[in-house]
Each structure stands twice: as structure tokens, then as C-alpha cells.
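Chemist: File name data-v2.cif; file contents mmCIF, C-alpha atoms; full text below.
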data_my_file
#
loop_
_atom_site.label_atom_id
_atom_site.label_comp_id
_atom_site.auth_asym_id
_atom_site.auth_seq_id
_atom_site.Cartn_x
_atom_site.Cartn_y
_atom_site.Cartn_z
CA MET A 1 31.71 -115.87 -4.33
CA ALA A 2 34.21 -113.00 -4.44
CA SER A 3 31.54 -110.55 -5.52
CA HIS A 4 29.34 -111.80 -2.67
CA SER A 5 32.20 -111.17 -0.22
CA LEU A 6 32.68 -107.67 -1.58
CA ALA A 7 28.99 -106.94 -1.25
CA ALA A 8 29.00 -108.31 2.29
CA THR A 9 31.98 -106.11 3.20
CA VAL A 10 30.25 -103.07 1.81
CA LEU A 11 27.09 -103.91 3.74
CA ARG A 12 29.01 -104.41 6.98
CA THR A 13 31.04 -101.22 6.72
CA GLY A 14 28.35 -99.07 5.16
CA ALA A 15 28.48 -97.84 1.59
CA ARG A 16 29.16 -94.21 2.60
CA ARG A 17 32.22 -95.11 4.70
CA VAL A 18 34.00 -96.97 1.87
CA GLY A 19 36.07 -94.44 -0.05
CA PRO A 20 37.12 -94.73 -3.70
CA GLN A 21 40.56 -96.13 -2.91
CA ARG A 22 39.18 -98.63 -0.40
CA ALA A 23 36.51 -99.72 -2.91
CA GLN A 24 39.19 -100.14 -5.57
CA ARG A 25 41.29 -102.31 -3.25
CA LEU A 26 38.25 -104.44 -2.46
CA THR A 27 37.52 -104.87 -6.16
CA VAL A 28 41.11 -105.92 -6.90
CA ARG A 29 41.05 -108.34 -3.98
CA ALA A 30 37.74 -109.80 -5.20
CA ALA A 31 39.11 -110.28 -8.72
CA ALA A 32 42.22 -111.98 -7.36
CA THR A 33 40.19 -114.53 -5.39
CA GLU A 34 37.58 -115.41 -8.01
CA ARG A 35 36.86 -119.12 -8.24
CA THR A 36 35.64 -121.32 -11.07
CA LEU A 37 34.21 -124.82 -11.21
CA PRO A 38 35.79 -126.31 -14.34
CA ILE A 39 35.12 -129.61 -16.07
CA ASP A 40 38.48 -131.29 -15.52
CA LEU A 41 39.10 -134.56 -17.37
CA ARG A 42 42.87 -134.43 -17.34
CA GLY A 43 44.31 -137.94 -17.03
CA LYS A 44 41.08 -139.52 -18.29
CA ARG A 45 40.80 -141.67 -21.42
CA ALA A 46 37.66 -141.95 -23.54
CA PHE A 47 36.53 -144.34 -26.24
CA VAL A 48 33.98 -142.71 -28.56
CA ALA A 49 32.08 -145.11 -30.82
CA GLY A 50 30.43 -143.68 -33.91
CA VAL A 51 32.55 -140.84 -35.32
CA ALA A 52 32.79 -140.83 -39.12
CA ASP A 53 32.92 -137.10 -39.97
CA ASP A 54 33.17 -133.70 -38.31
CA GLN A 55 29.46 -132.86 -38.33
CA GLY A 56 27.75 -135.12 -35.86
CA PHE A 57 27.34 -135.36 -32.11
CA GLY A 58 30.17 -137.87 -31.75
CA TRP A 59 32.70 -135.39 -33.13
CA ALA A 60 31.40 -132.59 -30.89
CA ILE A 61 31.53 -134.83 -27.82
CA SER A 62 35.08 -135.87 -28.67
CA LYS A 63 36.11 -132.24 -29.05
CA CYS A 64 34.61 -131.22 -25.72
CA LEU A 65 36.24 -134.16 -23.94
CA ILE A 66 39.61 -133.15 -25.37
CA GLU A 67 39.00 -129.50 -24.44
CA ALA A 68 38.48 -130.74 -20.87
CA GLY A 69 41.81 -132.57 -20.95
CA ALA A 70 40.82 -136.13 -21.84
CA GLU A 71 42.58 -138.43 -24.29
CA VAL A 72 40.15 -139.66 -26.95
CA ILE A 73 40.16 -142.93 -28.90
CA LEU A 74 37.69 -143.41 -31.74
CA GLY A 75 35.74 -146.37 -33.08
CA THR A 76 34.65 -145.69 -36.68
CA TRP A 77 32.23 -147.70 -38.80
CA VAL A 78 34.31 -149.88 -41.10
CA PRO A 79 32.89 -148.72 -44.48
CA ALA A 80 33.53 -145.08 -43.49
CA LEU A 81 36.96 -145.62 -41.94
CA ASN A 82 39.12 -145.10 -45.02
CA ILE A 83 37.34 -141.89 -46.06
CA PHE A 84 37.43 -140.56 -42.49
CA GLU A 85 41.14 -141.22 -42.00
CA THR A 86 41.98 -139.83 -45.44
CA SER A 87 39.99 -136.64 -44.77
CA LEU A 88 41.65 -136.31 -41.37
CA ARG A 89 45.12 -136.79 -42.84
CA ARG A 90 44.59 -134.34 -45.70
CA GLY A 91 43.38 -131.58 -43.42
CA LYS A 92 39.76 -131.56 -44.52
CA PHE A 93 38.66 -131.38 -40.89
CA ASP A 94 41.33 -128.92 -39.73
CA GLU A 95 38.90 -126.05 -39.21
CA SER A 96 36.66 -128.26 -37.08
CA ARG A 97 39.69 -129.60 -35.20
CA LYS A 98 40.68 -126.20 -33.83
CA LEU A 99 40.60 -126.07 -30.05
CA SER A 100 40.17 -123.01 -27.86
CA ASP A 101 43.94 -122.61 -27.50
CA GLY A 102 44.48 -122.65 -31.26
CA THR A 103 45.93 -126.15 -31.47
CA LEU A 104 44.35 -128.94 -33.52
CA MET A 105 42.44 -131.77 -31.89
CA GLU A 106 44.31 -135.07 -32.04
CA PHE A 107 42.95 -138.59 -31.53
CA ALA A 108 45.05 -141.15 -29.71
CA LYS A 109 44.01 -143.85 -32.18
CA VAL A 110 41.18 -144.73 -34.56
CA TYR A 111 39.88 -148.30 -34.62
CA ALA A 112 37.62 -150.06 -37.11
CA LEU A 113 34.30 -150.90 -35.48
CA ASP A 114 31.00 -152.38 -36.55
CA ALA A 115 28.90 -152.54 -33.41
CA ILE A 116 26.23 -154.85 -34.82
CA TYR A 117 28.71 -157.71 -34.41
CA ASP A 118 29.54 -158.78 -30.87
CA THR A 119 32.36 -161.11 -31.93
CA TYR A 120 34.13 -161.84 -35.20
CA ASP A 121 32.33 -165.19 -35.37
CA ASP A 122 29.08 -163.24 -35.78
CA VAL A 123 30.29 -161.59 -39.00
CA PRO A 124 28.78 -163.26 -42.09
CA GLU A 125 31.18 -164.47 -44.77
CA GLU A 126 29.74 -162.04 -47.32
CA VAL A 127 30.63 -159.15 -45.00
CA ARG A 128 34.13 -160.45 -44.27
CA THR A 129 34.87 -160.66 -48.00
CA ASN A 130 33.17 -157.37 -48.89
CA LYS A 131 35.69 -154.93 -50.34
CA ARG A 132 34.53 -152.23 -47.92
CA TYR A 133 35.65 -154.45 -45.03
CA ALA A 134 38.82 -155.76 -46.66
CA GLY A 135 41.93 -155.40 -44.53
CA ASN A 136 39.96 -154.63 -41.36
CA ASP A 137 39.90 -157.89 -39.44
CA GLY A 138 38.85 -157.65 -35.81
CA PHE A 139 36.20 -154.95 -36.05
CA SER A 140 33.60 -156.58 -33.79
CA VAL A 141 32.86 -155.03 -30.41
CA ALA A 142 34.80 -157.74 -28.57
CA ASP A 143 37.79 -157.45 -30.91
CA CYS A 144 37.83 -153.66 -30.62
CA ALA A 145 37.67 -153.76 -26.83
CA ALA A 146 40.52 -156.28 -26.76
CA LYS A 147 42.65 -154.03 -28.98
CA VAL A 148 41.97 -150.99 -26.82
CA ALA A 149 42.90 -152.99 -23.71
CA ALA A 150 46.13 -154.18 -25.34
CA ASP A 151 47.10 -150.69 -26.53
CA PHE A 152 45.91 -148.53 -23.64
CA GLY A 153 45.08 -150.81 -20.72
CA THR A 154 41.97 -149.08 -19.37
CA ILE A 155 39.52 -146.32 -20.20
CA ASP A 156 37.42 -144.01 -18.06
CA ILE A 157 34.74 -142.86 -20.50
CA LEU A 158 32.64 -144.76 -23.05
CA VAL A 159 30.51 -142.83 -25.55
CA HIS A 160 27.86 -144.56 -27.66
CA SER A 161 27.09 -142.33 -30.65
CA LEU A 162 25.60 -144.99 -32.92
CA ALA A 163 22.27 -145.34 -34.68
CA ASN A 164 21.04 -146.89 -37.90
CA GLY A 165 17.66 -147.92 -39.21
CA PRO A 166 17.65 -149.28 -42.77
CA GLU A 167 13.90 -148.64 -43.05
CA VAL A 168 13.77 -145.37 -41.10
CA GLN A 169 11.70 -143.67 -43.81
CA LYS A 170 8.98 -146.33 -43.63
CA PRO A 171 6.00 -146.02 -41.26
CA LEU A 172 5.98 -148.63 -38.51
CA LEU A 173 3.00 -150.33 -40.17
CA GLU A 174 5.15 -150.91 -43.26
CA THR A 175 8.37 -151.86 -41.47
CA SER A 176 9.59 -155.41 -41.96
CA ARG A 177 10.69 -157.65 -39.11
CA ASN A 178 14.26 -157.56 -40.39
CA GLY A 179 14.21 -153.76 -40.65
CA TYR A 180 12.80 -153.40 -37.16
CA LEU A 181 15.30 -155.77 -35.57
CA ALA A 182 18.17 -154.19 -37.50
CA ALA A 183 17.25 -150.78 -36.02
CA LEU A 184 17.23 -152.20 -32.49
CA SER A 185 20.48 -154.08 -33.05
CA ALA A 186 22.45 -151.11 -34.36
CA SER A 187 20.87 -148.37 -32.29
CA ALA A 188 20.11 -149.96 -28.92
CA TYR A 189 21.68 -153.36 -28.34
CA SER A 190 25.01 -152.00 -29.55
CA LYS A 191 25.16 -149.98 -26.32
CA VAL A 192 24.57 -153.12 -24.26
CA SER A 193 27.30 -154.89 -26.19
CA LEU A 194 29.75 -152.02 -25.72
CA VAL A 195 29.16 -151.94 -21.95
CA GLN A 196 29.51 -155.73 -21.77
CA ARG A 197 32.91 -155.67 -23.50
CA PHE A 198 34.33 -152.33 -22.37
CA GLY A 199 32.97 -152.43 -18.81
CA PRO A 200 35.74 -154.79 -17.61
CA ILE A 201 38.44 -152.34 -18.77
CA MET A 202 36.78 -149.23 -17.35
CA ASN A 203 38.20 -147.68 -14.21
CA PRO A 204 35.86 -147.35 -11.21
CA GLY A 205 34.17 -143.97 -11.27
CA GLY A 206 33.99 -144.05 -15.07
CA ALA A 207 31.01 -142.98 -17.14
CA VAL A 208 29.01 -144.18 -20.14
CA VAL A 209 27.04 -141.70 -22.25
CA SER A 210 24.76 -142.37 -25.22
CA LEU A 211 22.45 -140.35 -27.45
CA THR A 212 18.71 -140.72 -27.75
CA TYR A 213 15.85 -138.75 -29.27
CA LEU A 214 12.40 -137.58 -28.20
CA ALA A 215 10.79 -140.15 -30.54
CA GLY A 216 11.56 -142.76 -27.90
CA GLU A 217 8.88 -141.16 -25.70
CA LYS A 218 6.60 -139.18 -28.01
CA ILE A 219 5.15 -139.74 -31.46
CA ILE A 220 7.32 -138.18 -34.19
CA PRO A 221 5.53 -138.98 -37.47
CA GLY A 222 8.06 -139.96 -40.11
CA TYR A 223 10.68 -141.29 -37.68
CA GLY A 224 9.98 -144.86 -38.61
CA GLY A 225 11.52 -148.22 -39.38
CA GLY A 226 11.55 -149.18 -35.69
CA MET A 227 13.86 -146.30 -34.77
CA SER A 228 11.42 -144.86 -32.23
CA SER A 229 11.27 -148.30 -30.60
CA ALA A 230 15.07 -148.50 -30.63
CA LYS A 231 15.35 -145.17 -28.81
CA ALA A 232 12.78 -146.31 -26.24
CA ALA A 233 14.80 -149.48 -25.71
CA LEU A 234 18.04 -147.51 -25.36
CA GLU A 235 16.50 -145.28 -22.69
CA SER A 236 15.17 -148.26 -20.76
CA ASP A 237 18.52 -150.04 -21.08
CA THR A 238 20.25 -146.93 -19.74
CA GLN A 239 18.42 -147.36 -16.45
CA VAL A 240 19.02 -151.11 -16.19
CA LEU A 241 22.69 -150.76 -17.15
CA ALA A 242 23.08 -147.96 -14.61
CA TYR A 243 22.10 -150.46 -11.93
CA GLU A 244 23.93 -153.51 -13.23
CA ALA A 245 27.14 -151.81 -14.43
CA GLY A 246 27.07 -149.54 -11.39
CA HIS A 247 27.19 -152.55 -9.08
CA LYS A 248 29.57 -154.62 -11.20
CA TYR A 249 32.03 -152.03 -12.52
CA LYS A 250 31.34 -148.96 -10.33
CA ILE A 251 30.57 -146.81 -13.38
CA ARG A 252 27.71 -144.45 -14.24
CA VAL A 253 25.42 -144.77 -17.28
CA ASN A 254 23.39 -141.87 -18.71
CA THR A 255 21.89 -140.77 -22.00
CA ILE A 256 21.32 -137.42 -23.68
CA SER A 257 18.10 -136.71 -25.55
CA ALA A 258 19.37 -134.37 -28.24
CA GLY A 259 17.28 -132.06 -30.36
CA PRO A 260 17.39 -132.17 -34.18
CA LEU A 261 20.72 -131.46 -35.84
CA GLY A 262 21.32 -131.24 -39.59
CA SER A 263 24.23 -133.69 -39.63
CA ARG A 264 25.03 -135.93 -42.57
CA ALA A 265 23.71 -138.97 -40.73
CA ALA A 266 20.47 -137.23 -39.70
CA LYS A 267 19.67 -136.37 -43.31
CA ALA A 268 18.96 -140.07 -43.87
CA ILE A 269 15.70 -139.55 -41.99
CA GLY A 270 14.46 -137.45 -44.88
CA PHE A 271 12.87 -134.54 -43.00
CA ILE A 272 15.52 -133.30 -40.61
CA ASP A 273 15.32 -129.74 -41.97
CA ASP A 274 11.60 -129.70 -41.18
CA MET A 275 12.31 -130.86 -37.65
CA ILE A 276 14.88 -128.11 -37.16
CA ASN A 277 12.39 -125.51 -38.42
CA TYR A 278 9.69 -126.93 -36.14
CA SER A 279 12.01 -126.72 -33.14
CA MET A 280 13.07 -123.18 -34.01
CA THR A 281 9.42 -122.15 -34.10
CA ASN A 282 8.04 -124.02 -31.11
CA ALA A 283 10.81 -124.64 -28.57
CA PRO A 284 10.99 -122.39 -25.49
CA LEU A 285 14.50 -121.34 -26.58
CA ASN A 286 13.85 -120.56 -30.21
CA GLU A 287 16.28 -117.77 -30.95
CA LYS A 288 18.91 -120.16 -32.35
CA PRO A 289 19.19 -123.69 -33.72
CA LEU A 290 20.70 -126.33 -31.49
CA SER A 291 24.48 -126.65 -31.67
CA ALA A 292 26.27 -130.00 -31.58
CA MET A 293 28.72 -128.45 -29.13
CA GLU A 294 25.90 -127.98 -26.62
CA ILE A 295 25.46 -131.75 -26.61
CA GLY A 296 29.22 -132.16 -26.39
CA GLN A 297 29.46 -129.89 -23.37
CA THR A 298 26.66 -131.78 -21.62
CA ALA A 299 28.41 -135.08 -22.32
CA ALA A 300 31.68 -133.71 -20.92
CA PHE A 301 29.83 -132.68 -17.75
CA LEU A 302 28.19 -136.11 -17.40
CA CYS A 303 31.58 -137.78 -17.77
CA SER A 304 33.22 -135.53 -15.19
CA PRO A 305 33.43 -135.75 -11.39
CA LEU A 306 30.92 -132.89 -11.28
CA ALA A 307 28.24 -135.45 -12.23
CA SER A 308 29.42 -138.14 -9.82
CA GLY A 309 25.93 -138.53 -8.37
CA ILE A 310 24.07 -138.74 -11.68
CA THR A 311 23.30 -142.12 -13.25
CA GLY A 312 20.38 -143.84 -14.98
CA THR A 313 19.23 -140.46 -16.24
CA CYS A 314 18.09 -138.96 -19.54
CA ILE A 315 19.23 -135.36 -19.92
CA TYR A 316 17.34 -133.27 -22.47
CA VAL A 317 19.42 -130.93 -24.61
CA ASP A 318 16.84 -129.73 -27.13
CA ASN A 319 16.18 -126.06 -26.34
CA GLY A 320 13.29 -127.24 -24.18
CA LEU A 321 11.23 -128.78 -26.99
CA HIS A 322 10.49 -131.91 -24.93
CA ALA A 323 8.54 -129.79 -22.42
CA MET A 324 6.00 -128.55 -24.96
CA GLY A 325 2.52 -130.04 -24.97
CA MET A 326 1.18 -127.89 -27.80
CA ALA A 327 2.75 -126.39 -30.91
CA PRO A 328 2.11 -122.61 -30.88
CA ASP A 329 2.30 -122.50 -34.69
CA SER A 330 -0.39 -125.13 -35.16
CA LYS A 331 -2.86 -124.31 -37.94
CA SER A 332 -5.70 -125.56 -35.77
CA LEU A 333 -4.89 -122.78 -33.30
CA GLU A 334 -5.13 -120.25 -36.12
CA ARG A 335 -8.60 -121.53 -37.00
CA ALA A 336 -9.65 -121.34 -33.35
CA ALA A 337 -8.44 -117.75 -33.19
CA GLU A 338 -10.36 -116.88 -36.35
CA LYS A 339 -13.56 -118.33 -34.87
CA ALA A 340 -13.06 -116.34 -31.70
CA GLU A 341 -12.82 -113.14 -33.71
#
When written as C-alpha cells, how does the structure in this file appear?
Modeler:
Amino acid sequence: MASHSLAATVLRTGARRVGPQRAQRLTVRAAATERTLPIDLRGKRAFVAGVADDQGFGWAISKCLIEAGAEVILGTWVPALNIFETSLRRGKFDESRKLSDGTLMEFAKVYALDAIYDTYDDVPEEVRTNKRYAGNDGFSVADCAAKVAADFGTIDILVHSLANGPEVQKPLLETSRNGYLAALSASAYSKVSLVQRFGPIMNPGGAVVSLTYLAGEKIIPGYGGGMSSAKAALESDTQVLAYEAGHKYKIRVNTISAGPLGSRAAKAIGFIDDMINYSMTNAPLNEKPLSAMEIGQTAAFLCSPLASGITGTCIYVDNGLHAMGMAPDSKSLERAAEKAE
């Protein structure tokens, strides 16, 4: 706006009548009155479900929330909790923890969480006695929400960064009923469960953000095991929850459709590197691979007052790949070009 004011002053007075000293004073005045529109989350508290290392979207979202001033609490999958906390304590993530001011990112607390269990009564005995779960009682969604309420009172931001499909490498035609339902339970219903349990402790004006993928709308061969169906369900639930939780808790609910990222979790799909290469070749913005921080920055915006009028929406952060209706590098196009010649 300052530069616009300077330009307007120059236009009003006439460029020839503004001497060097006057122009310099105008420039200094313009610089002194420059304005910014920052993402300010100071005083806000976030619970981020699904952080188990420093590579994925959940970590990047947490980092961006903290950069914006928020306090971040984590919910980490129980079998990964010990390794995550040990790596954090030993400094393995220190490089990734560095913030823009040089300090290291700190989490207010890390809770054990397995979001496929709504309550502790839902946890099978074989899971309770499994050595990977030993010493971590109260890791259901309800238990975790109760602990957060007891320790912190309320939260303002809820991030769902969870997905799992045990048969993700199987085509849908070969996916079992159990595999299909497991994908929906872990990847879609877990968001419903989180909003059910955390909604009552969220402050009015709060925000829920989740992560989805283009396979929920378009065919992505190889993204199987019911995971495409789970993403479609999550996107539909985002709209319904936006209405229901908006009326009941006065909070907003959105999702981000993220492009392919070579995280440790994504490698379970089996062809993530191919998807990254495909995106680099065919997306409108193909000069660089997608960065997890770009998803984090979008999440921080959606959780901020700047997005106070946005809810029930899917925001694409994929270098524009979702907009493409044809792959420019398709071999069939090469054959068509050869015929034309």
C-alpha cells in the first residue's frame, strides 16, 4: 500500500516536479509505513495427530504452526512413540527443528495415540498386552482427549494427519473386506472420532484441518486397498463435519489435498517416487518438487483468523496437478505426433 501511495503522490504532483531529495523522503516515508498481513497464532494451542518422524506433513504443519506463534501438542502412534521420543531427545531431529529465528522447535507434550480405537474398551486384549503397547494405557481417542483437557484445558486447532491401509498395494478388486474397512477406519473415521472427542474442548473460532489426496476424486492406479475410498469419505466427511461441528462447536473444518511427497509413510504405497516424477513432468508448476512446508504453510493459514470465512473446503496444494486433464508426457501423444508428421 505504501508503494501505491508513493505512486499516487508522484502522479498528483507530477514526476518532473519531484526533486531527488523529495523523492528520497517519499521513499523513506513509504518504507516506514509498509504493512504486512501475517499469520498470527500467538496464544493458540494445537493438537496434531499423526507425527512420528520429521519427514511427513504432520511435522511440517507443526513447525509452521509454531512459527506462527502457536503451542503444539502431539499425538503419536503408540508403536512409534518410543522411537520418536528417543530420536527427539537425542537430537536426531535437531536440524529439522530449527525455526526461522534459530531456536529449536519444542512440543508442549507428546501423547500416545491410536486413533482406530475410540475408547479403551475398544482395544482388543491382544493389543493391550502387545509389547509395543506396554506401558501406554489410555491411548484411545477418548482417553487422549481427556488427558489433553486435564493438562491444558482447551485447544484451538486440531490437525488430522493420519492414514493407513494395510492392503494399499492391492488393487481394489483384490482387497479384502477387512483391509478395506481398516483403511476407512484409520484414514477417514479417525477424523470423525477426533472431532467428536476434541470438539467439546475446542474454543469457538477454532479450526480442524486434515490431509487428503487426489485419489479420492480421480483414478490413481496402484493406490489401492480401499485407500482411495477412504480419501473420498474423508472429503465428504469434511463437508458434513463443517456443518455439524460449525453449528455445535463454532469451529471450522477443512482439508488439504496434498501432492506426492517422498516421506517414510508414503513409501509404503510402493510407487511414490514414480508419482513425484509424474508430477514434476506434468504439473503446471513443474520446476520443483512439492515441499512439505508448503502444506504446512497452507494449514497454518487455514487455522488462522485470515481464513475465518473458509470451511467445508478442500484446498489443493499439489503444484496444480489436480487441474490437469491430460498428461503432456503421455506416450499416446507421441504416437499421435508421429502420425501427424
Chemist: Compare A:Ile256, A:Ile201, A:Leu184, A:Ala112 by their minimum atom-to-atom distance to A:Cys303, counting only C-alpha atoms, and give me the closest one.
Modeler: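 Of A:Ile256, A:Ile201, A:Leu184, A:Ala112, the one nearest A:Cys303, counting only C-alpha atoms, is A:Ile256.
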Chemist: With distances taken over all atoms listed in the file, which residue among A:Gln55, A:Ser291, A:Ser332, A:Thr212 lies nearest A:Glu95?
Modeler: A:Gln55
Chemist: When the PyMOL selection byres ((chain A and resi 214-231) around 7) is applied to the structure above, which residues does it catch, written out as a VMD selection string?
Modeler: chain A and resid 165 167 to 172 175 179 to 180 183 to 184 187 to 188 212 to 213 232 to 235 257 269 322
Chemist: Please, what distance in Å, to one decimal, runs between atom CA of A:Ala300 and atom CA of A:Met275?
Modeler: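 Between these atoms lies a distance of 25.8 Å.
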Chemist: So how many Å separate atom CA of A:Ile116 and atom CA of A:Val141, to one decimal?
Modeler: 8.0 Å
Chemist: Out of A:Asn203, A:Ser185, A:Ser87, A:Asn254, which residue has the shortest atom-to-atom distance to A:Gly153 when counting only C-alpha atoms?
Modeler: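 The closest residue to A:Gly153 is A:Asn203.
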Chemist: Could you tell me how far atom CA of A:Asn82 lies from atom CA of A:Val48, in Å and to one decimal?
Modeler: 17.4 Å
Chemist: Translate the PyMOL selection byres ((chain A and resi 209) around 9), as applied to the file shown, into an explicit residue set as a list in words.
Modeler: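 Checking the PyMOL selection byres ((chain A and resi 209) around 9) against this file, the residues are Ile157, Leu158, Val159, His160, Ser161, Ala207, Val208, Ser210, Leu211, Thr238, Arg252, Val253, Asn254, Thr255, Ile256, Ala299, Leu302 and Cys303 of chain A.
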Chemist: Which residue out of A:Ile276, A:Ala163, A:Val78, A:Met326 has the minimum interatomic distance to A:Phe57 when only C-alpha atoms are used?
Modeler: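 Looking at the shortest contact to A:Phe57, the residue is A:Ala163.
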Chemist: Take the PyMOL selection byres ((chain A and resi 128) around 12), apply it to the structure above, and return the hits as a PyMOL selection string.
Modeler: chain A and resi 78-79+114+117+120-127+129-140
